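Source file: start-v1.cif; contents: mmCIF, C-alpha atoms and all ligand atoms.
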```cif
data_entry
#
loop_
_atom_site.group_PDB
_atom_site.id
_atom_site.type_symbol
_atom_site.label_atom_id
_atom_site.label_comp_id
_atom_site.auth_asym_id
_atom_site.auth_seq_id
_atom_site.Cartn_x
_atom_site.Cartn_y
_atom_site.Cartn_z
ATOM 1 C CA MET A 1028 10.489 24.513 8.243
ATOM 2 C CA VAL A 1029 7.108 25.976 9.294
ATOM 3 C CA ILE A 1030 4.308 25.456 6.782
ATOM 4 C CA PRO A 1031 1.313 27.760 7.360
ATOM 5 C CA ASP A 1032 -1.915 25.765 7.832
ATOM 6 C CA ASN A 1033 -3.736 27.952 5.339
ATOM 7 C CA HIS A 1034 -1.218 27.225 2.595
ATOM 8 C CA PRO A 1035 -3.223 25.680 -0.282
ATOM 9 C CA ARG A 1036 -0.789 22.774 -0.476
ATOM 10 C CA ALA A 1037 -0.146 22.428 3.264
ATOM 11 C CA LYS A 1038 -0.982 18.694 3.428
ATOM 12 C CA SER A 1039 1.242 17.853 0.501
ATOM 13 C CA LEU A 1040 4.092 19.980 1.876
ATOM 14 C CA HIS A 1041 3.819 18.338 5.315
ATOM 15 C CA GLU A 1042 4.030 14.929 3.688
ATOM 16 C CA ARG A 1043 7.060 15.919 1.650
ATOM 17 C CA HIS A 1044 8.827 17.133 4.777
ATOM 18 C CA LYS A 1045 8.007 13.956 6.671
ATOM 19 C CA LEU A 1046 9.443 11.946 3.767
ATOM 20 C CA ILE A 1047 12.616 14.047 3.662
ATOM 21 C CA GLU A 1048 13.016 13.512 7.412
ATOM 22 C CA GLY A 1049 12.510 9.791 6.770
ATOM 23 C CA LEU A 1050 15.349 9.943 4.262
ATOM 24 C CA HIS A 1051 17.656 11.445 6.897
ATOM 25 C CA ASN A 1052 16.580 8.748 9.378
ATOM 26 C CA ASN A 1053 17.451 5.923 6.967
ATOM 27 C CA ILE A 1054 13.800 4.888 6.591
ATOM 28 C CA LEU A 1055 13.369 6.162 3.059
ATOM 29 C CA THR A 1056 15.673 6.097 0.051
ATOM 30 C CA GLU A 1057 16.100 8.766 -2.614
ATOM 31 C CA ALA A 1058 14.143 6.542 -5.012
ATOM 32 C CA GLY A 1059 11.244 6.606 -2.542
ATOM 33 C CA LEU A 1060 11.055 10.372 -2.940
ATOM 34 C CA ILE A 1061 10.880 10.029 -6.700
ATOM 35 C CA ALA A 1062 8.145 7.388 -6.448
ATOM 36 C CA HIS A 1063 6.194 9.759 -4.213
ATOM 37 C CA GLY A 1064 6.465 12.448 -6.877
ATOM 38 C CA ARG A 1065 4.928 10.131 -9.448
ATOM 39 C CA GLY A 1066 2.080 9.445 -7.016
ATOM 40 C CA GLU A 1067 1.505 13.165 -6.398
ATOM 41 C CA ALA A 1068 1.209 13.801 -10.123
ATOM 42 C CA PHE A 1069 -1.564 11.231 -10.450
ATOM 43 C CA ASP A 1070 -3.257 12.543 -7.316
ATOM 44 C CA TYR A 1071 -3.402 15.952 -8.972
ATOM 45 C CA LEU A 1072 -5.140 14.412 -11.966
ATOM 46 C CA LEU A 1073 -7.678 12.848 -9.596
ATOM 47 C CA HIS A 1074 -8.250 16.172 -7.798
ATOM 48 C CA GLU A 1075 -6.805 14.663 -4.592
ATOM 49 C CA GLN A 1076 -9.984 12.937 -3.560
ATOM 50 C CA THR A 1077 -11.240 9.424 -2.942
ATOM 51 C CA HIS A 1078 -13.557 8.384 -5.738
ATOM 52 C CA ARG A 1079 -16.337 5.814 -5.850
ATOM 53 C CA PHE A 1080 -14.114 3.353 -7.762
ATOM 54 C CA ALA A 1081 -11.584 3.507 -4.916
ATOM 55 C CA GLU A 1082 -14.277 2.960 -2.290
ATOM 56 C CA LYS A 1083 -15.463 -0.121 -4.187
ATOM 57 C CA ALA A 1084 -11.907 -1.476 -4.336
ATOM 58 C CA ILE A 1085 -11.384 -0.753 -0.627
ATOM 59 C CA LYS A 1086 -14.483 -2.799 0.185
ATOM 60 C CA ALA A 1087 -13.147 -5.623 -1.979
ATOM 61 C CA ALA A 1088 -9.798 -5.398 -0.168
ATOM 62 C CA ALA A 1089 -11.506 -5.621 3.232
ATOM 63 C CA SER A 1090 -13.508 -8.598 1.972
ATOM 64 C CA GLN A 1091 -10.399 -10.401 0.777
ATOM 65 C CA LEU A 1092 -8.565 -9.690 4.021
ATOM 66 C CA ILE A 1093 -11.439 -10.857 6.231
ATOM 67 C CA LEU A 1094 -11.592 -14.149 4.311
ATOM 68 C CA ALA A 1095 -7.816 -14.722 4.264
ATOM 69 C CA LYS A 1096 -6.129 -17.463 6.279
ATOM 70 C CA HIS A 1097 -2.762 -15.699 6.272
ATOM 71 C CA PRO A 1098 -3.127 -12.032 5.329
ATOM 72 C CA ILE A 1099 -0.129 -9.718 5.383
ATOM 73 C CA ILE A 1100 0.619 -6.065 4.716
ATOM 74 C CA SER A 1101 3.977 -5.383 3.112
ATOM 75 C CA VAL A 1102 5.703 -2.252 4.418
ATOM 76 C CA ASN A 1103 8.249 -0.108 2.613
ATOM 77 C CA GLY A 1104 9.886 3.197 3.533
ATOM 78 C CA ASN A 1105 7.127 5.370 2.052
ATOM 79 C CA THR A 1106 4.275 3.610 3.843
ATOM 80 C CA ALA A 1107 6.232 3.527 7.112
ATOM 81 C CA ILE A 1108 6.528 7.313 6.945
ATOM 82 C CA LEU A 1109 3.130 8.216 5.520
ATOM 83 C CA ILE A 1110 0.733 5.950 7.430
ATOM 84 C CA PRO A 1111 2.418 4.285 10.424
ATOM 85 C CA GLU A 1112 -0.501 4.904 12.829
ATOM 86 C CA ASP A 1113 -3.071 3.549 10.372
ATOM 87 C CA MET A 1114 -1.092 0.395 9.606
ATOM 88 C CA VAL A 1115 -0.376 -0.284 13.272
ATOM 89 C CA ARG A 1116 -4.040 0.153 14.254
ATOM 90 C CA ILE A 1117 -5.220 -2.270 11.560
ATOM 91 C CA ALA A 1118 -2.490 -4.775 12.411
ATOM 92 C CA ASN A 1119 -3.189 -4.756 16.146
ATOM 93 C CA LYS A 1120 -6.975 -4.734 15.872
ATOM 94 C CA HIS A 1121 -7.425 -7.246 13.046
ATOM 95 C CA LYS A 1122 -4.326 -9.362 13.669
ATOM 96 C CA ILE A 1123 -2.973 -8.688 10.196
ATOM 97 C CA PRO A 1124 0.837 -8.761 10.457
ATOM 98 C CA LEU A 1125 3.128 -6.220 8.813
ATOM 99 C CA GLU A 1126 6.238 -7.350 6.942
ATOM 100 C CA ILE A 1127 9.116 -5.043 6.131
ATOM 101 C CA ASN A 1128 10.094 -5.818 2.554
ATOM 102 C CA LEU A 1129 12.510 -3.522 0.782
ATOM 103 C CA PHE A 1130 13.871 -3.015 -2.705
ATOM 104 C CA TYR A 1131 16.922 -1.168 -1.362
ATOM 105 C CA ARG A 1132 18.308 -3.038 1.665
ATOM 106 C CA LYS A 1133 20.731 -0.414 2.946
ATOM 107 C CA GLU A 1134 22.649 -1.133 6.155
ATOM 108 C CA GLY A 1135 20.456 -0.447 9.203
ATOM 109 C CA ARG A 1136 17.349 0.403 7.202
ATOM 110 C CA VAL A 1137 15.224 -2.576 8.258
ATOM 111 C CA GLU A 1138 16.121 -1.841 11.892
ATOM 112 C CA ALA A 1139 15.200 1.847 11.471
ATOM 113 C CA ILE A 1140 11.776 0.960 10.044
ATOM 114 C CA LYS A 1141 11.219 -1.642 12.739
ATOM 115 C CA ASN A 1142 11.963 0.829 15.539
ATOM 116 C CA HIS A 1143 9.818 3.459 13.888
ATOM 117 C CA LEU A 1144 6.779 1.124 13.704
ATOM 118 C CA LEU A 1145 7.240 -0.064 17.269
ATOM 119 C CA THR A 1146 7.097 3.525 18.547
ATOM 120 C CA PHE A 1147 3.502 3.612 17.244
ATOM 121 C CA GLY A 1148 2.563 0.714 19.508
ATOM 122 C CA LEU A 1149 2.731 -2.202 17.067
ATOM 123 C CA ASP A 1150 2.505 -5.610 18.754
ATOM 124 C CA PRO A 1151 6.048 -6.972 18.095
ATOM 125 C CA ASN A 1152 4.575 -10.422 17.357
ATOM 126 C CA LEU A 1153 2.855 -8.871 14.350
ATOM 127 C CA LEU A 1154 6.038 -7.584 12.753
ATOM 128 C CA PHE A 1155 7.939 -9.753 10.282
ATOM 129 C CA GLY A 1156 10.826 -9.194 7.919
ATOM 130 C CA CYS A 1157 13.401 -8.143 10.497
ATOM 131 C CA ASP A 1158 14.801 -11.436 11.779
ATOM 132 C CA ASN A 1159 17.586 -12.903 9.569
ATOM 133 C CA SER A 1160 16.914 -16.423 10.796
ATOM 134 C CA GLN A 1161 13.406 -16.292 9.295
ATOM 135 C CA TYR A 1162 14.412 -15.121 5.807
ATOM 136 C CA ILE A 1163 13.657 -17.261 2.801
ATOM 137 C CA GLU A 1164 14.042 -16.445 -0.915
ATOM 138 C CA ILE A 1165 11.231 -16.739 -3.430
ATOM 139 C CA GLN A 1166 12.599 -17.436 -6.894
ATOM 140 C CA GLU A 1167 9.674 -15.836 -8.732
ATOM 141 C CA ILE A 1168 11.048 -12.393 -7.830
ATOM 142 C CA SER A 1169 14.360 -11.319 -9.309
ATOM 143 C CA HIS A 1170 15.596 -8.510 -7.041
ATOM 144 C CA LEU A 1171 16.155 -8.107 -3.308
ATOM 145 C CA ARG A 1172 12.464 -8.131 -2.579
ATOM 146 C CA ARG A 1173 12.671 -11.889 -3.112
ATOM 147 C CA ILE A 1174 13.892 -12.107 0.495
ATOM 148 C CA VAL A 1175 10.756 -12.643 2.545
ATOM 149 C CA ASP A 1176 9.838 -13.910 5.994
ATOM 150 C CA ARG A 1177 8.892 -17.585 6.214
ATOM 151 C CA ARG A 1178 6.107 -16.678 8.702
ATOM 152 C CA GLY A 1179 4.778 -13.814 6.538
ATOM 153 C CA ILE A 1180 4.724 -13.230 2.783
ATOM 154 C CA SER A 1181 6.097 -16.729 2.200
ATOM 155 C CA ILE A 1182 2.942 -18.433 3.509
ATOM 156 C CA ALA A 1183 0.462 -15.604 2.936
ATOM 157 C CA ASP A 1184 -2.605 -16.183 0.778
ATOM 158 C CA VAL A 1185 -3.484 -12.465 0.603
ATOM 159 C CA VAL A 1186 -0.771 -9.810 0.342
ATOM 160 C CA VAL A 1187 -1.304 -6.063 0.499
ATOM 161 C CA VAL A 1188 1.499 -4.403 -1.445
ATOM 162 C CA PRO A 1189 1.000 -0.636 -1.552
ATOM 163 C CA LEU A 1190 3.239 1.535 -3.739
ATOM 164 C CA GLU A 1191 4.745 -1.490 -5.377
ATOM 165 C CA ASP A 1192 6.758 -2.239 -8.489
ATOM 166 C CA GLY A 1193 5.308 -4.473 -11.142
ATOM 167 C CA ASP A 1194 7.888 -7.272 -10.947
ATOM 168 C CA ARG A 1195 7.008 -8.228 -7.434
ATOM 169 C CA THR A 1196 3.294 -8.124 -8.055
ATOM 170 C CA GLN A 1197 3.770 -10.490 -10.988
ATOM 171 C CA GLY A 1198 6.007 -12.741 -8.857
ATOM 172 C CA LEU A 1199 3.432 -12.917 -6.076
ATOM 173 C CA LYS A 1200 0.694 -13.695 -8.584
ATOM 174 C CA LYS A 1201 2.779 -16.580 -9.984
ATOM 175 C CA LEU A 1202 2.745 -17.988 -6.458
ATOM 176 C CA ASN A 1203 -1.072 -17.905 -6.534
ATOM 177 C CA LYS A 1204 -1.361 -15.228 -3.907
ATOM 178 C CA LYS A 1205 -4.165 -12.690 -4.021
ATOM 179 C CA VAL A 1206 -2.567 -9.287 -4.438
ATOM 180 C CA ILE A 1207 -4.127 -6.041 -3.240
ATOM 181 C CA THR A 1208 -2.379 -2.817 -4.145
ATOM 182 C CA VAL A 1209 -2.804 0.884 -3.506
ATOM 183 C CA ASP A 1210 -1.457 2.826 -6.458
ATOM 184 C CA LEU A 1211 -2.430 6.263 -7.731
ATOM 185 C CA ASN A 1212 -1.300 5.310 -11.221
ATOM 186 C CA PRO A 1213 -3.949 3.050 -12.761
ATOM 187 C CA LEU A 1214 -1.604 2.352 -15.681
ATOM 188 C CA SER A 1215 1.297 0.946 -13.660
ATOM 189 C CA ARG A 1216 2.158 -2.707 -14.133
ATOM 190 C CA THR A 1217 1.225 -3.272 -10.500
ATOM 191 C CA SER A 1218 -2.217 -1.701 -10.923
ATOM 192 C CA GLN A 1219 -2.807 -3.717 -14.045
ATOM 193 C CA THR A 1220 -1.744 -7.069 -12.554
ATOM 194 C CA ALA A 1221 -3.113 -6.922 -9.009
ATOM 195 C CA ASP A 1222 -6.379 -8.668 -8.113
ATOM 196 C CA ILE A 1223 -7.623 -5.556 -6.355
ATOM 197 C CA THR A 1224 -6.314 -2.087 -7.239
ATOM 198 C CA ILE A 1225 -7.173 0.847 -5.017
ATOM 199 C CA VAL A 1226 -6.470 3.915 -7.145
ATOM 200 C CA ASP A 1227 -6.149 6.485 -4.380
ATOM 201 C CA ASN A 1228 -3.586 8.120 -2.141
ATOM 202 C CA ILE A 1229 -2.356 5.738 0.546
ATOM 203 C CA THR A 1230 -2.820 8.574 3.059
ATOM 204 C CA ARG A 1231 -6.596 8.432 2.473
ATOM 205 C CA VAL A 1232 -7.052 4.686 2.041
ATOM 206 C CA PHE A 1233 -6.202 2.969 5.316
ATOM 207 C CA THR A 1234 -8.746 4.764 7.537
ATOM 208 C CA LEU A 1235 -11.465 3.755 5.064
ATOM 209 C CA LEU A 1236 -10.104 0.226 4.919
ATOM 210 C CA GLU A 1237 -10.218 0.049 8.698
ATOM 211 C CA LYS A 1238 -13.904 1.082 8.725
ATOM 212 C CA GLU A 1239 -14.742 -1.622 6.191
ATOM 213 C CA LEU A 1240 -12.801 -4.232 8.147
ATOM 214 C CA ASP A 1241 -14.740 -3.289 11.275
ATOM 215 C CA LEU A 1242 -18.093 -3.684 9.534
ATOM 216 C CA ILE A 1243 -17.928 -6.457 6.968
ATOM 217 C CA THR A 1244 -19.016 -10.027 7.699
ATOM 218 C CA ARG A 1245 -17.630 -13.154 6.018
ATOM 219 C CA ASP A 1246 -20.920 -13.780 4.176
ATOM 220 C CA GLU A 1247 -21.034 -10.225 2.868
ATOM 221 C CA ALA A 1248 -17.403 -10.490 1.837
ATOM 222 C CA LEU A 1249 -18.026 -13.644 -0.194
ATOM 223 C CA GLU A 1250 -21.007 -12.071 -1.950
ATOM 224 C CA TYR A 1251 -19.158 -8.845 -2.647
ATOM 225 C CA LEU A 1252 -16.142 -10.553 -4.183
ATOM 226 C CA LYS A 1253 -18.334 -12.593 -6.528
ATOM 227 C CA LYS A 1254 -19.446 -9.326 -8.176
ATOM 228 C CA TYR A 1255 -16.145 -7.448 -8.006
ATOM 229 C CA ASP A 1256 -14.306 -6.849 -11.302
ATOM 230 C CA ASN A 1257 -10.942 -5.102 -11.053
ATOM 231 C CA GLN A 1258 -10.818 -4.299 -14.766
ATOM 232 C CA VAL A 1259 -14.035 -2.301 -14.423
ATOM 233 C CA ILE A 1260 -12.516 -0.379 -11.497
ATOM 234 C CA LEU A 1261 -9.405 0.457 -13.534
ATOM 235 C CA GLN A 1262 -11.549 1.639 -16.450
ATOM 236 C CA GLU A 1263 -13.619 3.832 -14.123
ATOM 237 C CA SER A 1264 -10.491 5.455 -12.735
ATOM 238 C CA LEU A 1265 -9.149 6.219 -16.212
ATOM 239 C CA ARG A 1266 -12.510 7.620 -17.261
ATOM 240 C CA GLN A 1267 -12.507 9.873 -14.203
ATOM 241 C CA ILE A 1268 -9.063 11.235 -15.021
ATOM 242 C CA ARG A 1269 -10.173 11.956 -18.581
ATOM 243 C CA GLN A 1270 -13.435 13.614 -17.521
ATOM 244 C CA PHE A 1271 -11.835 15.874 -14.938
ATOM 245 C CA ASN A 1272 -9.144 17.012 -17.247
ATOM 246 C CA GLU A 1273 -11.213 17.442 -20.382
ATOM 247 C CA LYS A 1274 -13.345 20.036 -18.606
ATOM 248 C CA ASN A 1275 -10.347 22.134 -17.587
HETATM 249 P P1 LIG B 1 5.247 -0.500 -12.082
HETATM 250 O O1 LIG B 1 6.543 -1.257 -12.026
HETATM 251 O O2 LIG B 1 4.144 -1.188 -11.337
HETATM 252 O O3 LIG B 1 4.820 -0.076 -13.471
HETATM 253 P P2 LIG B 1 6.539 1.904 -11.015
HETATM 254 O O4 LIG B 1 7.782 1.569 -11.709
HETATM 255 O O5 LIG B 1 5.936 3.263 -11.225
HETATM 256 O O6 LIG B 1 5.375 0.858 -11.271
HETATM 257 P P3 LIG B 1 7.430 2.394 -8.370
HETATM 258 O O7 LIG B 1 7.997 3.682 -8.807
HETATM 259 O O8 LIG B 1 8.256 1.425 -7.647
HETATM 260 O O9 LIG B 1 6.734 1.606 -9.521
HETATM 261 O O10 LIG B 1 6.132 2.595 -7.432
HETATM 262 C C1 LIG B 1 5.589 3.710 -7.103
HETATM 263 C C2 LIG B 1 4.117 3.626 -7.443
HETATM 264 O O11 LIG B 1 3.415 4.058 -6.298
HETATM 265 C C3 LIG B 1 3.789 4.572 -8.593
HETATM 266 O O12 LIG B 1 2.881 3.971 -9.475
HETATM 267 C C4 LIG B 1 3.133 5.768 -7.891
HETATM 268 O O13 LIG B 1 2.111 6.340 -8.667
HETATM 269 C C5 LIG B 1 2.547 5.122 -6.643
HETATM 270 N N1 LIG B 1 2.484 6.021 -5.475
HETATM 271 C C6 LIG B 1 3.456 6.839 -4.991
HETATM 272 N N2 LIG B 1 3.044 7.495 -3.898
HETATM 273 C C7 LIG B 1 1.784 7.078 -3.668
HETATM 274 C C8 LIG B 1 0.817 7.372 -2.671
HETATM 275 N N3 LIG B 1 1.064 8.263 -1.696
HETATM 276 N N4 LIG B 1 -0.361 6.731 -2.714
HETATM 277 C C9 LIG B 1 -0.641 5.835 -3.698
HETATM 278 N N5 LIG B 1 0.229 5.512 -4.686
HETATM 279 C C10 LIG B 1 1.411 6.125 -4.673
#
```
For the file at hand, write its structure as structure tokens.
Amino acid sequence: MVIPDNHPRAKSLHERHKLIEGLHNNILTEAGLIAHGRGEAFDYLLHEQTHRFAEKAIKAAASQLILAKHPIISVNGNTAILIPEDMVRIANKHKIPLEINLFYRKEGRVEAIKNHLLTFGLDPNLLFGCDNSQYIEIQEISHLRRIVDRRGISIADVVVVPLEDGDRTQGLKKLNKKVITVDLNPLSRTSQTADITIVDNITRVFTLLEKELDLITRDEALEYLKKYDNQVILQESLRQIRQFNEKN
């Protein structure tokens, strides 16, 4: 379907069509489409822009990643479709591996996501979660996402879990991992439990994260994290939603 560039919701429509295509290519599941809808609703409330509270959280995320011994970015169907180039660039440049970790492990889906990411030039050594011999189960998580890669999430000290469900975030926290999430809903269990919550659309976050990763030094990162308070960030995001929507 052709979407005119001057359509007021062109970006959103393009994304929806990419996601639907992803569904037909076995990368996304139906539930992924529904989760995207929930995200879109919150993005509307935030006037589809990156706010100061998100920028502060992005800087904290870059700080945490720069200081990590074993950082990892968890990939699901939605992120594979929405931001493959951004994730691959960050992975290759900053040697932060990607791990495919799915709630719905449909036949052939891991392989489809793997092939999709590799077409964007991902270094294959930086891709985990697609080799059966490396799988290990973490008991703190109750559903299929407990299957992780022994070279990736299993040993990671800092895990980026965008568009996540609350159970896994809580499970990862129980394992003493630092959890960074990107979630447009500041009220979700994930947003509330993560160490760093970036309340913004994933499609806007990773280019900003990349810029911060390019710039920040270890000393700056340590200083920045000392002052960072995720609860304040969550409060600021809720205040922003209220302010915007009281006026209208
Ligand atoms: P929880 O279990 O943490 O309370 P949930 O049940 O809403 O959350 P899911 O539906 O699995 O969890 O996750 C989807 C989350 O991702 C939602 O909170 C949604 O707002 C968010 N989300 C969806 N699309 C995007 C996007 N493009 N950018 C950022 N966040 C998004």
Inset, instruction - Tell me, as a ChimeraX atom specification, which residues lie within 7 Å of A:Ser1101, counting all atoms listed in the file; anything in the same chain fewer than 5 positions away does not count. - result: /A:1125-1128,1187-1188
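For A:Leu1094, the residues within 8 Å (counting only C-alpha atoms, excluding itself and residues fewer than 6 positions away along the chain) are Arg1245, Ala1248 and Leu1249 of chain A.
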Legend entry - Separation of atom CA of A:Asn1119 from atom CA of A:Gln1161 in Å: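 Computing it gives 21.3 Å between the two atoms.
Listed by chain and then by number, the residues chosen by the PyMOL selection byres (((not hetatm)) within 6 of (chain B and resi 1)) in this file are Ala1062, His1063, Arg1065, Gly1066, Leu1190, Glu1191, Asp1192, Gly1193, Val1209, Asp1210, Leu1211, Asn1212, Ser1215, Arg1216, Thr1217, Asp1227, Asn1228 and Ile1229 of chain A.
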Legend entry - Residue with smallest distance to A:His1121 - pool A:Ala1089, A:Asn1052, A:Gly1148, A:Arg1178, counting only C-alpha atoms: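 Closest residue, counting only C-alpha atoms: A:Ala1089.
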Inset, instruction - Would you please work out which residue, of A:Asp1032, A:Ile1225, A:Ala1058, A:Leu1072, is nearest to A:Glu1273 when using all atoms listed in the file? - result: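 Smallest distance to A:Glu1273 is found for A:Leu1072.
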Legend entry - Residues selected by the PyMOL selection byres (((chain A and resi 1240) around 8) and not hetatm), written as a VMD selection string: chain A and resid 1089 to 1090 1093 1121 1236 to 1239 1241 to 1243
Once you add 4 Å to each side, what are the centre and edge lengths of the axis-aligned box holding all listed atoms of stretch 1199-1218 of chain A? One decimal in Å, as AutoDock Vina command-line options, if you can.
```
--center_x -0.4 --center_y -5.9 --center_z -9.5 --size_x 15.6 --size_y 32.3 --size_z 20.4
```
Non-local contacts of A:Glu1134 (12 Å; all atoms listed in the file; under 4 positions in same chain excluded) as a compact mmCIF listing (two decimals) with C-alpha atoms, in the coordinates of the input:
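Result file is selection39.txt:
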```txt
# COMPACT_ATOMS: atom_id res chain seq x y z
CA ASN A 1053 17.45 5.92 6.97
CA ILE A 1054 13.80 4.89 6.59
CA THR A 1056 15.67 6.10 0.05
CA LEU A 1129 12.51 -3.52 0.78
CA GLU A 1138 16.12 -1.84 11.89
CA ALA A 1139 15.20 1.85 11.47
CA ILE A 1140 11.78 0.96 10.04
```
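Shortest atom-to-atom contact with A:Ile1223 among A:Glu1167, A:Glu1057, A:Glu1082, A:Glu1042: A:Glu1082, counting all atoms listed in the file.
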Inset, instruction - For the structure shown, which residues end up in the PyMOL selection byres (((chain A and resi 1174) around 6) and not hetatm)? Put them as number ranges by chain, please? - result: A: 1163-1164, 1171-1173, 1175
Legend entry - Selection near A:His1170, 9 Å with all atoms listed in the file, sequence-local residues under 5 positions removed, as a list in words: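 Non-adjacent residues within range: Phe1130, Asp1194 and Arg1195 of chain A.
Among the candidates A:Asn1105, A:Asn1033, A:Ser1181, A:Asn1257, the one nearest to A:Ile1047 when counting all atoms listed in the file is A:Asn1105.
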Legend entry - Best match for closeness to A:Arg1116 among A:Leu1092, A:Leu1145, A:Leu1055, A:Ile1165, counting all atoms listed in the file: A:Leu1145
